[in-house]
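Okay, input18.txt now, which holds compact mmCIF, C-alpha atoms and all ligand atoms:
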# COMPACT_ATOMS: atom_id res chain seq x y z
CA MET A 1 112.72 122.32 103.71
CA SER A 2 111.54 119.60 106.05
CA ALA A 3 110.65 116.39 104.22
CA THR A 4 107.23 116.27 105.85
CA LEU A 5 106.25 119.46 104.02
CA ILE A 6 106.07 117.56 100.73
CA ASN A 7 102.42 116.92 99.94
CA PRO A 8 102.02 113.17 99.26
CA TYR A 9 98.91 113.63 97.10
CA GLU A 10 100.86 115.95 94.83
CA ALA A 11 103.65 113.36 94.76
CA MET A 12 101.12 110.78 93.55
CA GLN A 13 99.68 113.19 90.97
CA ALA A 14 103.15 114.04 89.62
CA ARG A 15 103.79 110.39 88.74
CA LEU A 16 100.26 109.91 87.41
CA ARG A 17 100.73 112.88 85.08
CA VAL A 18 103.91 111.42 83.58
CA ALA A 19 102.42 107.92 83.26
CA ALA A 20 99.16 109.17 81.72
CA GLN A 21 101.01 111.18 79.10
CA LEU A 22 103.31 108.33 78.11
CA TYR A 23 100.39 105.90 77.99
CA GLY A 24 98.16 108.32 76.10
CA LEU A 25 95.34 108.30 78.62
CA ASP A 26 92.29 110.21 77.48
CA ASP A 27 91.52 113.45 79.20
CA ALA A 28 88.28 112.38 80.89
CA LEU A 29 89.87 109.40 82.63
CA PHE A 30 92.90 111.48 83.56
CA LYS A 31 90.67 113.98 85.34
CA VAL A 32 88.85 111.15 87.13
CA PHE A 33 92.08 109.52 88.35
CA MET A 34 93.62 112.82 89.46
CA ALA A 35 90.61 113.30 91.74
CA THR A 36 89.42 111.21 94.68
CA ASN A 37 86.05 109.52 94.46
CA ARG A 38 84.96 110.07 98.06
CA SER A 39 86.43 111.54 101.27
CA MET A 40 84.75 111.33 104.64
CA ILE A 41 85.92 113.41 107.60
CA VAL A 42 84.63 112.50 111.05
CA SER A 43 84.99 113.92 114.56
CA LEU A 44 85.42 111.28 117.21
CA PRO A 45 84.65 112.10 120.86
CA VAL A 46 86.45 109.63 123.12
CA LEU A 47 86.36 109.30 126.89
CA MET A 48 89.98 109.22 128.03
CA ASP A 49 91.18 107.25 131.06
CA ASN A 50 91.61 110.47 133.05
CA GLY A 51 87.88 111.19 132.80
CA GLN A 52 88.27 113.95 130.18
CA TRP A 53 86.78 113.88 126.69
CA GLU A 54 89.02 114.31 123.66
CA VAL A 55 87.76 114.83 120.10
CA PHE A 56 89.90 113.17 117.41
CA THR A 57 89.71 113.67 113.64
CA GLY A 58 89.33 110.62 111.41
CA TYR A 59 89.22 110.08 107.65
CA ARG A 60 88.14 107.40 105.22
CA VAL A 61 88.91 108.01 101.58
CA GLN A 62 87.95 105.98 98.52
CA HIS A 63 90.01 106.93 95.49
CA SER A 64 88.45 104.43 93.07
CA THR A 65 86.02 101.52 93.11
CA ALA A 66 86.23 100.89 89.36
CA ARG A 67 87.65 97.37 89.73
CA GLY A 68 85.89 96.33 92.94
CA PRO A 69 85.37 97.36 96.57
CA ALA A 70 87.80 99.97 97.88
CA LYS A 71 90.65 98.35 99.84
CA GLY A 72 93.25 99.78 102.14
CA GLY A 73 94.52 100.18 105.65
CA ILE A 74 93.71 102.40 108.60
CA ARG A 75 96.60 104.49 109.92
CA TYR A 76 96.92 105.92 113.45
CA ASP A 77 99.59 108.60 113.43
CA LEU A 78 100.09 112.24 114.42
CA ASN A 79 101.07 113.12 110.83
CA VAL A 80 97.79 111.87 109.35
CA SER A 81 96.12 114.49 107.12
CA LEU A 82 93.44 114.41 104.46
CA ASP A 83 96.01 114.74 101.67
CA GLU A 84 98.13 111.94 103.09
CA ILE A 85 95.12 109.61 103.28
CA LYS A 86 94.05 110.63 99.76
CA ALA A 87 97.53 109.78 98.44
CA LEU A 88 97.56 106.46 100.26
CA ALA A 89 94.08 105.65 98.89
CA ALA A 90 95.20 106.41 95.33
CA TRP A 91 98.33 104.30 95.79
CA MET A 92 96.00 101.44 96.83
CA THR A 93 94.11 101.84 93.53
CA TRP A 94 97.36 101.43 91.60
CA LYS A 95 98.71 98.73 93.91
CA THR A 96 95.65 96.46 93.68
CA ALA A 97 95.75 96.90 89.90
CA VAL A 98 99.49 96.10 89.67
CA VAL A 99 99.00 92.75 91.45
CA ASP A 100 95.67 92.35 89.67
CA VAL A 101 93.36 91.68 92.62
CA PRO A 102 89.71 92.75 92.17
CA PHE A 103 89.72 95.81 94.42
CA GLY A 104 89.78 99.57 94.16
CA GLY A 105 91.75 101.88 96.44
CA GLY A 106 90.83 103.25 99.85
CA LYS A 107 92.55 104.36 103.03
CA GLY A 108 91.63 105.60 106.47
CA GLY A 109 93.35 107.31 109.32
CA ILE A 110 92.97 109.00 112.66
CA VAL A 111 95.17 111.87 113.84
CA CYS A 112 96.51 110.49 117.13
CA ASP A 113 99.64 109.18 118.80
CA PRO A 114 98.89 105.45 119.16
CA ASN A 115 101.80 105.01 121.59
CA ARG A 116 100.19 107.40 124.05
CA LEU A 117 96.75 105.78 124.02
CA SER A 118 95.89 103.07 126.53
CA LEU A 119 94.39 99.88 125.15
CA GLY A 120 90.95 101.00 126.33
CA GLU A 121 91.29 104.45 124.73
CA LYS A 122 92.40 102.87 121.47
CA GLU A 123 89.43 100.50 121.54
CA ARG A 124 86.91 103.30 122.19
CA LEU A 125 88.47 105.46 119.49
CA THR A 126 88.38 102.59 116.97
CA ARG A 127 84.76 101.69 117.74
CA ARG A 128 83.57 105.28 117.44
CA TYR A 129 85.46 105.64 114.15
CA VAL A 130 83.86 102.49 112.74
CA ALA A 131 80.40 103.62 113.84
CA GLU A 132 80.99 106.91 111.98
CA ILE A 133 82.23 105.37 108.70
CA MET A 134 79.80 102.43 108.90
CA ASP A 135 77.75 103.55 105.87
CA ILE A 136 80.65 103.55 103.43
CA ILE A 137 82.52 100.37 104.46
CA GLY A 138 81.53 96.72 104.11
CA PRO A 139 82.72 93.52 102.37
CA ASP A 140 81.37 94.76 99.02
CA ARG A 141 82.01 98.47 99.56
CA ASP A 142 85.32 99.14 101.23
CA VAL A 143 87.47 96.72 103.23
CA PRO A 144 89.94 98.19 105.78
CA ALA A 145 93.16 96.53 106.98
CA PRO A 146 96.06 97.38 109.32
CA ASP A 147 98.57 100.10 108.53
CA MET A 148 100.96 102.20 110.66
CA GLY A 149 99.81 102.28 114.28
CA THR A 150 97.11 99.60 113.92
CA ASP A 151 97.24 95.81 114.16
CA ALA A 152 95.19 92.60 114.28
CA GLN A 153 93.56 93.65 117.57
CA THR A 154 92.44 96.94 116.03
CA MET A 155 90.91 94.97 113.13
CA ALA A 156 89.09 92.71 115.62
CA TRP A 157 87.39 95.84 117.08
CA VAL A 158 86.48 96.96 113.56
CA LEU A 159 84.95 93.54 112.89
CA ASP A 160 83.04 93.53 116.17
CA THR A 161 81.66 97.07 115.91
CA TYR A 162 80.54 96.57 112.31
CA SER A 163 79.06 93.16 113.16
CA MET A 164 77.11 94.51 116.14
CA HIS A 165 75.52 97.13 113.87
CA VAL A 166 74.57 94.74 111.06
CA ARG A 167 73.42 92.10 113.61
CA ARG A 168 75.56 89.27 112.27
CA THR A 169 79.24 88.38 112.38
CA GLU A 170 80.67 89.80 109.18
CA ASN A 171 84.34 88.88 109.11
CA ALA A 172 84.92 89.87 105.46
CA VAL A 173 84.49 93.55 106.41
CA VAL A 174 88.16 93.78 107.36
CA THR A 175 91.44 91.94 106.70
CA GLY A 176 94.53 91.49 108.82
CA LYS A 177 92.32 90.06 111.59
CA PRO A 178 93.50 87.63 114.27
CA LEU A 179 93.60 84.02 113.03
CA GLY A 180 90.79 82.88 115.33
CA LEU A 181 88.42 85.47 113.81
CA GLY A 182 88.91 84.48 110.19
CA GLY A 183 92.33 86.01 109.66
CA SER A 184 94.63 84.38 107.14
CA LEU A 185 97.80 82.46 107.76
CA GLY A 186 100.73 84.38 106.34
CA ARG A 187 99.03 87.81 106.50
CA THR A 188 101.27 89.28 109.22
CA GLU A 189 104.46 88.71 107.25
CA ALA A 190 102.86 89.17 103.80
CA THR A 191 104.19 92.68 103.09
CA GLY A 192 107.67 91.63 104.23
CA ARG A 193 107.42 88.48 102.11
CA GLY A 194 106.49 90.60 99.09
CA VAL A 195 109.62 92.69 99.74
CA LEU A 196 111.65 89.45 99.80
CA ILE A 197 110.12 88.17 96.55
CA THR A 198 110.61 91.43 94.66
CA ALA A 199 114.15 91.91 96.08
CA ARG A 200 115.06 88.46 94.78
CA GLU A 201 113.60 89.25 91.35
CA ALA A 202 115.43 92.58 91.22
CA MET A 203 118.76 90.94 92.14
CA GLN A 204 118.13 88.41 89.40
CA ARG A 205 117.79 91.25 86.90
CA LEU A 206 121.25 92.38 87.96
CA GLY A 207 122.46 88.80 87.49
CA LYS A 208 123.20 88.30 91.18
CA PRO A 209 121.87 85.95 93.84
CA LEU A 210 120.06 87.28 96.89
CA ALA A 211 122.12 85.08 99.21
CA GLY A 212 125.10 87.07 100.41
CA ALA A 213 123.66 90.44 99.32
CA THR A 214 123.96 93.25 101.90
CA VAL A 215 120.81 95.02 103.05
CA ALA A 216 119.91 98.19 105.00
CA ILE A 217 116.36 98.61 106.29
CA GLN A 218 114.76 101.84 107.47
CA GLY A 219 111.93 101.00 109.87
CA PHE A 220 111.47 97.98 112.09
CA GLY A 221 107.69 97.83 112.38
CA ASN A 222 105.64 95.09 110.80
CA VAL A 223 107.00 95.64 107.29
CA GLY A 224 110.66 96.36 108.13
CA GLY A 225 110.86 93.72 110.86
CA GLN A 226 109.36 90.91 108.78
CA ALA A 227 111.36 91.91 105.69
CA ALA A 228 114.55 91.83 107.80
CA ARG A 229 113.72 88.36 109.14
CA LEU A 230 112.79 86.88 105.76
CA LEU A 231 115.78 88.42 103.94
CA HIS A 232 118.06 87.17 106.73
CA GLU A 233 116.56 83.67 106.48
CA ALA A 234 117.05 83.77 102.70
CA GLY A 235 120.79 84.25 103.24
CA ALA A 236 121.04 88.02 102.70
CA ARG A 237 123.20 89.98 105.16
CA VAL A 238 121.16 92.68 106.93
CA VAL A 239 123.87 95.11 108.04
CA ALA A 240 121.86 98.15 109.18
CA VAL A 241 118.37 98.84 110.55
CA SER A 242 116.67 101.81 112.14
CA ASP A 243 113.50 102.85 113.91
CA LEU A 244 112.11 106.10 115.31
CA LYS A 245 114.62 106.03 118.18
CA GLY A 246 117.80 105.48 116.17
CA ALA A 247 119.85 103.24 113.90
CA ILE A 248 122.29 100.36 114.38
CA LYS A 249 124.75 98.49 112.18
CA ASN A 250 127.01 95.49 112.04
CA ASP A 251 129.05 95.02 108.87
CA ARG A 252 129.23 91.26 109.43
CA GLY A 253 125.44 91.09 109.49
CA LEU A 254 122.94 91.55 112.33
CA ASP A 255 121.50 88.47 114.02
CA ILE A 256 117.89 89.33 113.12
CA HIS A 257 116.26 86.70 115.33
CA ALA A 258 118.13 87.99 118.37
CA LEU A 259 117.37 91.57 117.28
CA MET A 260 113.64 90.83 117.07
CA LYS A 261 113.73 89.52 120.65
CA HIS A 262 115.60 92.64 121.78
CA ALA A 263 113.18 94.95 119.93
CA ALA A 264 110.13 93.21 121.41
CA GLU A 265 111.46 93.84 124.94
CA ALA A 266 113.20 97.20 124.57
CA LYS A 267 110.60 98.62 122.11
CA THR A 268 113.51 99.78 119.94
CA VAL A 269 116.35 98.31 117.91
CA THR A 270 118.83 100.68 119.58
CA GLY A 271 121.05 99.26 122.29
CA PHE A 272 121.18 95.83 120.64
CA LYS A 273 124.29 93.97 121.86
CA GLY A 274 125.46 92.65 118.50
CA SER A 275 125.60 96.11 116.91
CA GLU A 276 127.05 99.60 117.03
CA PRO A 277 124.95 102.77 116.79
CA MET A 278 124.87 104.76 113.56
CA GLU A 279 123.46 108.09 112.42
CA PRO A 280 119.85 107.35 111.25
CA ALA A 281 120.15 109.62 108.19
CA SER A 282 123.27 107.79 107.01
CA LEU A 283 121.38 104.47 106.86
CA LEU A 284 119.81 105.60 103.60
CA THR A 285 123.21 106.26 102.05
CA HIS A 286 124.99 103.22 103.52
CA ALA A 287 126.96 101.16 100.99
CA VAL A 288 124.76 98.10 100.49
CA ASP A 289 123.31 96.08 97.65
CA ILE A 290 119.69 96.55 98.71
CA LEU A 291 118.07 99.46 100.56
CA VAL A 292 114.58 98.89 101.97
CA PRO A 293 112.85 102.09 103.13
CA ALA A 294 110.06 100.60 105.25
CA ALA A 295 109.00 103.54 107.41
CA THR A 296 107.11 106.48 105.99
CA GLU A 297 106.81 108.97 103.11
CA ASN A 298 109.39 111.41 101.72
CA GLN A 299 112.59 109.81 103.03
CA ILE A 300 114.62 109.78 99.81
CA THR A 301 114.53 113.32 98.49
CA GLU A 302 116.51 115.58 96.17
CA HIS A 303 118.78 116.27 99.15
CA ASN A 304 120.05 112.72 99.69
CA ALA A 305 119.22 110.81 96.49
CA ALA A 306 122.61 111.47 94.89
CA GLN A 307 124.32 109.97 97.95
CA VAL A 308 122.39 106.69 97.83
CA ARG A 309 124.92 103.92 97.26
CA ALA A 310 122.54 100.95 97.10
CA LYS A 311 122.19 99.17 93.75
CA ILE A 312 118.54 98.39 94.41
CA ILE A 313 115.83 100.15 96.40
CA VAL A 314 112.84 98.02 97.37
CA GLU A 315 110.13 100.37 98.65
CA GLY A 316 108.50 98.62 101.61
CA ALA A 317 106.86 101.90 102.69
CA ASN A 318 104.27 103.86 100.72
CA GLY A 319 105.73 106.93 99.03
CA PRO A 320 109.25 106.86 100.55
CA THR A 321 110.76 108.57 97.48
CA THR A 322 109.80 112.06 96.31
CA PRO A 323 109.19 112.87 92.62
CA GLU A 324 112.30 115.10 92.66
CA ALA A 325 114.44 112.16 93.78
CA ASP A 326 113.25 109.84 91.00
CA PRO A 327 115.41 111.24 88.15
CA ILE A 328 118.46 111.51 90.42
CA LEU A 329 118.25 107.81 91.34
CA LEU A 330 117.72 106.94 87.70
CA GLU A 331 120.76 108.93 86.66
CA HIS A 332 122.85 107.13 89.29
CA GLY A 333 121.71 103.75 87.96
CA VAL A 334 119.77 102.71 91.07
CA LEU A 335 117.13 100.08 90.28
CA VAL A 336 113.98 101.14 92.13
CA VAL A 337 111.27 98.56 92.82
CA PRO A 338 108.40 101.03 93.35
CA ASP A 339 106.10 100.94 96.37
CA ILE A 340 102.96 100.02 94.41
CA LEU A 341 104.72 96.79 93.45
CA ALA A 342 107.22 96.17 96.27
CA ASN A 343 104.81 96.47 99.19
CA ALA A 344 101.77 94.91 97.49
CA GLY A 345 102.28 91.55 99.24
CA GLY A 346 100.14 92.75 102.16
CA VAL A 347 97.08 93.58 100.12
CA THR A 348 97.54 90.43 98.04
CA VAL A 349 97.22 88.22 101.12
CA SER A 350 94.39 90.54 102.29
CA TYR A 351 92.65 89.52 99.08
CA PHE A 352 93.27 85.85 99.92
CA GLU A 353 91.85 86.50 103.41
CA TRP A 354 88.71 88.13 101.98
CA VAL A 355 88.26 85.23 99.54
CA GLN A 356 88.64 82.67 102.35
CA ASN A 357 86.09 84.57 104.48
CA ARG A 358 83.57 84.66 101.66
CA GLN A 359 83.97 81.01 100.72
CA GLY A 360 84.17 79.93 104.37
CA PHE A 361 87.05 77.63 103.56
CA TYR A 362 90.55 78.21 104.87
CA TRP A 363 93.79 77.51 103.06
CA ARG A 364 97.06 76.05 104.35
CA GLU A 365 99.99 78.41 104.89
CA ARG A 366 101.94 76.72 102.11
CA GLU A 367 99.11 77.44 99.62
CA ILE A 368 99.00 81.09 100.66
CA ASN A 369 102.74 81.59 100.35
CA GLU A 370 102.88 79.80 96.99
CA ARG A 371 100.02 81.91 95.65
CA LEU A 372 101.71 85.07 96.94
CA VAL A 373 104.92 84.17 95.07
CA ASP A 374 102.82 83.56 91.97
CA TYR A 375 100.99 86.94 92.18
CA MET A 376 104.10 88.93 93.05
CA THR A 377 106.38 87.43 90.39
CA HIS A 378 103.67 87.93 87.79
CA ALA A 379 103.28 91.56 88.87
CA PHE A 380 107.05 92.03 88.81
CA GLN A 381 107.36 90.59 85.29
CA ALA A 382 104.38 92.61 84.04
CA THR A 383 105.82 95.82 85.54
CA PHE A 384 109.18 95.35 83.87
CA ALA A 385 107.59 94.29 80.56
CA THR A 386 105.56 97.53 80.63
CA THR A 387 108.68 99.48 81.61
CA ASP A 388 110.53 98.11 78.58
CA LYS A 389 107.57 98.59 76.25
CA TYR A 390 107.25 102.28 77.14
CA LYS A 391 111.03 102.76 77.49
CA THR A 392 110.59 104.27 80.94
CA ASN A 393 111.61 103.56 84.54
CA PRO A 394 109.98 100.86 86.73
CA ARG A 395 107.94 103.35 88.77
CA ILE A 396 106.27 104.83 85.73
CA GLY A 397 106.06 101.32 84.25
CA ALA A 398 104.09 100.18 87.30
CA TYR A 399 101.81 103.23 87.07
CA ILE A 400 101.14 102.55 83.38
CA LEU A 401 100.40 98.88 84.05
CA ALA A 402 97.93 99.91 86.77
CA LEU A 403 96.45 102.78 84.74
CA ASP A 404 95.79 100.46 81.82
CA ARG A 405 93.91 97.99 84.04
CA VAL A 406 91.81 100.61 85.85
CA ALA A 407 91.15 102.51 82.60
CA GLN A 408 89.96 99.30 80.95
CA ALA A 409 87.43 98.75 83.75
CA MET A 410 86.29 102.36 83.46
CA ARG A 411 85.85 102.10 79.68
CA TYR A 412 83.63 99.02 80.04
CA ARG A 413 81.59 100.65 82.79
CA GLY A 414 81.30 104.10 81.23
CA PHE A 415 80.36 107.18 83.21
CA TYR A 416 77.03 107.26 85.01
CA ALA A 417 75.81 110.81 84.60
N1 LIG B 1 98.09 98.98 104.70
C1 LIG B 1 98.62 98.04 103.76
C2 LIG B 1 99.11 98.75 102.50
O1 LIG B 1 99.43 99.93 102.52
C3 LIG B 1 97.68 96.89 103.49
C4 LIG B 1 96.37 97.25 102.87
C5 LIG B 1 95.38 96.10 102.79
O2 LIG B 1 95.76 94.96 103.05
O3 LIG B 1 94.23 96.37 102.46
O4 LIG B 1 99.26 98.17 101.47

Just give me the structure of the file as structure tokens.
Amino acid sequence: MSATLINPYEAMQARLRVAAQLYGLDDALFKVFMATNRSMIVSLPVLMDNGQWEVFTGYRVQHSTARGPAKGGIRYDLNVSLDEIKALAAWMTWKTAVVDVPFGGGKGGIVCDPNRLSLGEKERLTRRYVAEIMDIIGPDRDVPAPDMGTDAQTMAWVLDTYSMHVRRTENAVVTGKPLGLGGSLGRTEATGRGVLITAREAMQRLGKPLAGATVAIQGFGNVGGQAARLLHEAGARVVAVSDLKGAIKNDRGLDIHALMKHAAEAKTVTGFKGSEPMEPASLLTHAVDILVPAATENQITEHNAAQVRAKIIVEGANGPTTPEADPILLEHGVLVVPDILANAGGVTVSYFEWVQNRQGFYWREREINERLVDYMTHAFQATFATTDKYKTNPRIGAYILALDRVAQAMRYRGFYA
């Protein structure tokens, strides 16, 4: 079975079911969390550069707003589907609760191939999408951010389109913006920095330093690329990386700064001078201390989990491991730092960005990075304390920690019926 056939919303629900049972969640809240609060589907007519009109499908999903405005990225990818966006929205609910920032969970996406759109097409598509979802987003409703296939420029178009409609510049409507538009220092590398912080904590649990540890990274986009750079700068040895076009390795350690230059020019990591090619699938089973899946969902499955030789998996991507793979990794003694903790650095600095926008006062980079370390180490400790308390694995521990926080908010609020 192809990995992409695994429904990510069902993968989320499978973990939620286990966590809810162990935690003793009451039935009403369980039903609420298994469902998605709101899903919007929009058709987006866009004038293409060749003079033809194309109609794209877009989504914006809000899984929960119990703890605050929905929060989550916008993904441009051919594999986008309603169930994928629903899963990603739910993961945002749990993620914002794990790091304890006052947001709910949302996500958006457009079915398209961002690499085949011109800049103008991408801008028109983005603006039409924002105009369509205008009524359900906003600084107090739902705050988008970048995800796969989108970046700071895309967020600038979101800001501008929204602002033109509300007749004032509203920069808190979106995070991950360019610096000059109210973006935050440290946001671009925030997810990668969170991977670094949690990798260091996980190594510490094994009684080993991060310096000198070997690392393999699947994906060299924003998350994988920044994680590679930061881990490299922290003294870890990144020995293998991959992207959509292939994988490379160097057992002595890749020169990540030189690799980033190469990747910026060649638009791929493949062909890098200081490396030899490797089979992309074998990256996940390479003998390393730390494996960072930082690409997409359903990469570690029941078919390859038993072959994973890493001691630690730090999930930079959302949903890289299937529910069937979880017990296999556990049995093999692999320490998994789950996605809703490991990749929460991005949304944490998004929260800092939103706060800075609303107070109109901007922090120094040092303050942002220090606060990120504080939030992430707290979340890490809380996750593992919950894991120990419920005698479970860190993924379910993280779900229980999040469930408890969202359930508490729901109990105070009650149901409006
Ligand atoms: N798209 C990122 C994620 O999956 C960031 C979300 C945000 O900053 O709102 O966590």

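For the set A:Ala228, A:Leu335, A:Leu125, A:Ile312, the residue with the smallest atom-to-atom gap to Ala287 (chain A) is A:Ile312, counting all atoms listed in the file.
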
Considering only C-alpha atoms, give me a table of residues in region 162-198 of chain A that are at most 7 Å from region 131-150 of chain A, with the closest atom pair and distance in Å for each, as a Markdown table.
| residue | atom | partner | partner_atom | distance |
| --- | --- | --- | --- | --- |
| A:Tyr162 | CA | A:Met134 | CA | 6.8 |
| A:Ala172 | CA | A:Pro139 | CA | 5.3 |
| A:Val173 | CA | A:Pro139 | CA | 4.4 |
| A:Val174 | CA | A:Pro144 | CA | 5.0 |
| A:Thr175 | CA | A:Ala145 | CA | 4.9 |
| A:Gly176 | CA | A:Ala145 | CA | 5.5 |

Surrounding residues as an mmCIF file with C-alpha atoms, in the frame of the given file, ligand LIG 1 (chain B), max 9 Å, all atoms listed in the file:
data_model
loop_
_atom_site.group_PDB
_atom_site.id
_atom_site.type_symbol
_atom_site.label_atom_id
_atom_site.label_comp_id
_atom_site.auth_asym_id
_atom_site.auth_seq_id
_atom_site.Cartn_x
_atom_site.Cartn_y
_atom_site.Cartn_z
ATOM 1 C CA ALA A 70 87.800 99.970 97.880
ATOM 2 C CA LYS A 71 90.650 98.350 99.840
ATOM 3 C CA GLY A 72 93.250 99.780 102.140
ATOM 4 C CA GLY A 73 94.520 100.180 105.650
ATOM 5 C CA ILE A 74 93.710 102.400 108.600
ATOM 6 C CA ARG A 75 96.600 104.490 109.920
ATOM 7 C CA LEU A 88 97.560 106.460 100.260
ATOM 8 C CA ALA A 89 94.080 105.650 98.890
ATOM 9 C CA TRP A 91 98.330 104.300 95.790
ATOM 10 C CA MET A 92 96.000 101.440 96.830
ATOM 11 C CA LYS A 95 98.710 98.730 93.910
ATOM 12 C CA THR A 96 95.650 96.460 93.680
ATOM 13 C CA GLY A 105 91.750 101.880 96.440
ATOM 14 C CA GLY A 106 90.830 103.250 99.850
ATOM 15 C CA LYS A 107 92.550 104.360 103.030
ATOM 16 C CA VAL A 143 87.470 96.720 103.230
ATOM 17 C CA PRO A 144 89.940 98.190 105.780
ATOM 18 C CA ALA A 145 93.160 96.530 106.980
ATOM 19 C CA PRO A 146 96.060 97.380 109.320
ATOM 20 C CA ASP A 147 98.570 100.100 108.530
ATOM 21 C CA MET A 148 100.960 102.200 110.660
ATOM 22 C CA VAL A 174 88.160 93.780 107.360
ATOM 23 C CA THR A 175 91.440 91.940 106.700
ATOM 24 C CA GLY A 176 94.530 91.490 108.820
ATOM 25 C CA ARG A 187 99.030 87.810 106.500
ATOM 26 C CA THR A 191 104.190 92.680 103.090
ATOM 27 C CA ALA A 317 106.860 101.900 102.690
ATOM 28 C CA ASN A 318 104.270 103.860 100.720
ATOM 29 C CA ASP A 339 106.100 100.940 96.370
ATOM 30 C CA ILE A 340 102.960 100.020 94.410
ATOM 31 C CA ASN A 343 104.810 96.470 99.190
ATOM 32 C CA ALA A 344 101.770 94.910 97.490
ATOM 33 C CA GLY A 345 102.280 91.550 99.240
ATOM 34 C CA GLY A 346 100.140 92.750 102.160
ATOM 35 C CA VAL A 347 97.080 93.580 100.120
ATOM 36 C CA THR A 348 97.540 90.430 98.040
ATOM 37 C CA VAL A 349 97.220 88.220 101.120
ATOM 38 C CA SER A 350 94.390 90.540 102.290
ATOM 39 C CA TYR A 351 92.650 89.520 99.080
#

Discussion item. Nearest residue to Arg366 (chain A) out of A:Leu185, A:Met155, A:Met164, A:Ala19, using only C-alpha atoms?
Written reply: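 The closest residue to Arg366 (chain A) is A:Leu185.
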
Worksheet entry | Shortest interatomic distance to Ala14 (chain A) - which of A:Ala236, A:Leu210, A:Ala87, A:Ala266, counting only C-alpha atoms | A:Ala87

Discussion item. I need the residue nearest Pro209 (chain A) from this list: A:Ala325, A:Val223, A:Ala152, A:Ile290. Use only C-alpha atoms for the distance.
Written reply: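 The answer is A:Ile290, which sits nearest to Pro209 (chain A).
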
Practice prompt. Record the distance separating CA of Ala227 (chain A) and CA of Trp354 (chain A), expressed in Å with one decimal.
Written response: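 Separating CA of Ala227 (chain A) from CA of Trp354 (chain A) is a distance of 23.3 Å.
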
Per-axis box centre and lengths in Å around region 200-208 of chain A, 6 Å margin per side, axis-aligned, as lines of an AutoDock Vina configuration file:
center_x = 118.4
center_y = 90.4
center_z = 90.8
size_x = 21.6
size_y = 16.3
size_z = 19.9

Worksheet item: What does the distance between CA of Phe220 (chain A) and CA of Gly246 (chain A) come to in Å, to one decimal place?
Response: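 One can read the CA of Phe220 (chain A) to CA of Gly246 (chain A) distance as 10.6 Å.
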
Practice prompt. Record the distance separating CA of Thr387 (chain A) and CA of Ala407 (chain A), expressed in Å with one decimal.
Written response: 17.8 Å

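In terms of minimum interatomic distance to Gly397 (chain A), A:Val337 ranks closest within A:Glu84, A:Ala234, A:Phe30, A:Val337, counting only C-alpha atoms.
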
Practice prompt. Find the spatial neighbours of Asn115 (chain A), counting all atoms listed in the file, within a cut-off of 10 Å - ignore same-chain residues fewer than 2 positions away - and output them as a ChimeraX atom specification.
Written response: /A:76-77,112-113,117-119,122,149

Discussion item. From the options A:Thr126, A:Thr93, A:Gln153, A:Asn357, which residue's atoms come nearest to Leu16 (chain A), counting all atoms listed in the file?
Written reply: A:Thr93

Region 38-49 of chain A surroundings by all atoms listed in the file, 6 Å radius, close-in-sequence under 3 positions cut, as a compact mmCIF listing (two decimals) with C-alpha atoms, in the frame of the given file:
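Full text of selection-v5.txt as output:
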# COMPACT_ATOMS: atom_id res chain seq x y z
CA GLN A 52 88.27 113.95 130.18
CA TRP A 53 86.78 113.88 126.69
CA GLU A 54 89.02 114.31 123.66
CA VAL A 55 87.76 114.83 120.10
CA PHE A 56 89.90 113.17 117.41
CA THR A 57 89.71 113.67 113.64
CA GLY A 58 89.33 110.62 111.41
CA TYR A 59 89.22 110.08 107.65
CA ARG A 60 88.14 107.40 105.22
CA VAL A 61 88.91 108.01 101.58
CA GLN A 62 87.95 105.98 98.52
CA GLU A 121 91.29 104.45 124.73
CA LEU A 125 88.47 105.46 119.49

Worksheet item: Can you list, as a list in words, every protein, DNA or RNA residue that comes within 12 Å of Glu331 (chain A) when you count only C-alpha atoms, leaving out same-chain residues fewer than 4 positions away?
Response: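 Everything that qualifies: Ala305, Ala306, Gln307, Val308, Ala325, Asp326, Pro327, Leu335, Val336 and Asn393 of chain A.
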
Item to complete: Mind checking which residues fall within 9 Å of Ile248 (chain A), counting all atoms listed in the file, ignoring those fewer than 6 positions away in the same chain, and posting them as a ChimeraX atom specification?
Response: /A:239-242,269-272,275-280,283

Discussion item. As a ChimeraX atom specification, please: the residues near Asp160 (chain A) (cut-off 9 Å, all atoms listed in the file, same-chain neighbours under 4 positions excluded).
Written reply: /A:127,155-156,164-165,169-171

Worksheet item: How would you write as a PyMOL selection string the residues that get within 8 Å of (98.8, 115.4, 96.3) in the file's frame, counting only C-alpha atoms?
Response: chain A and resi 7-13+83-84+86-87
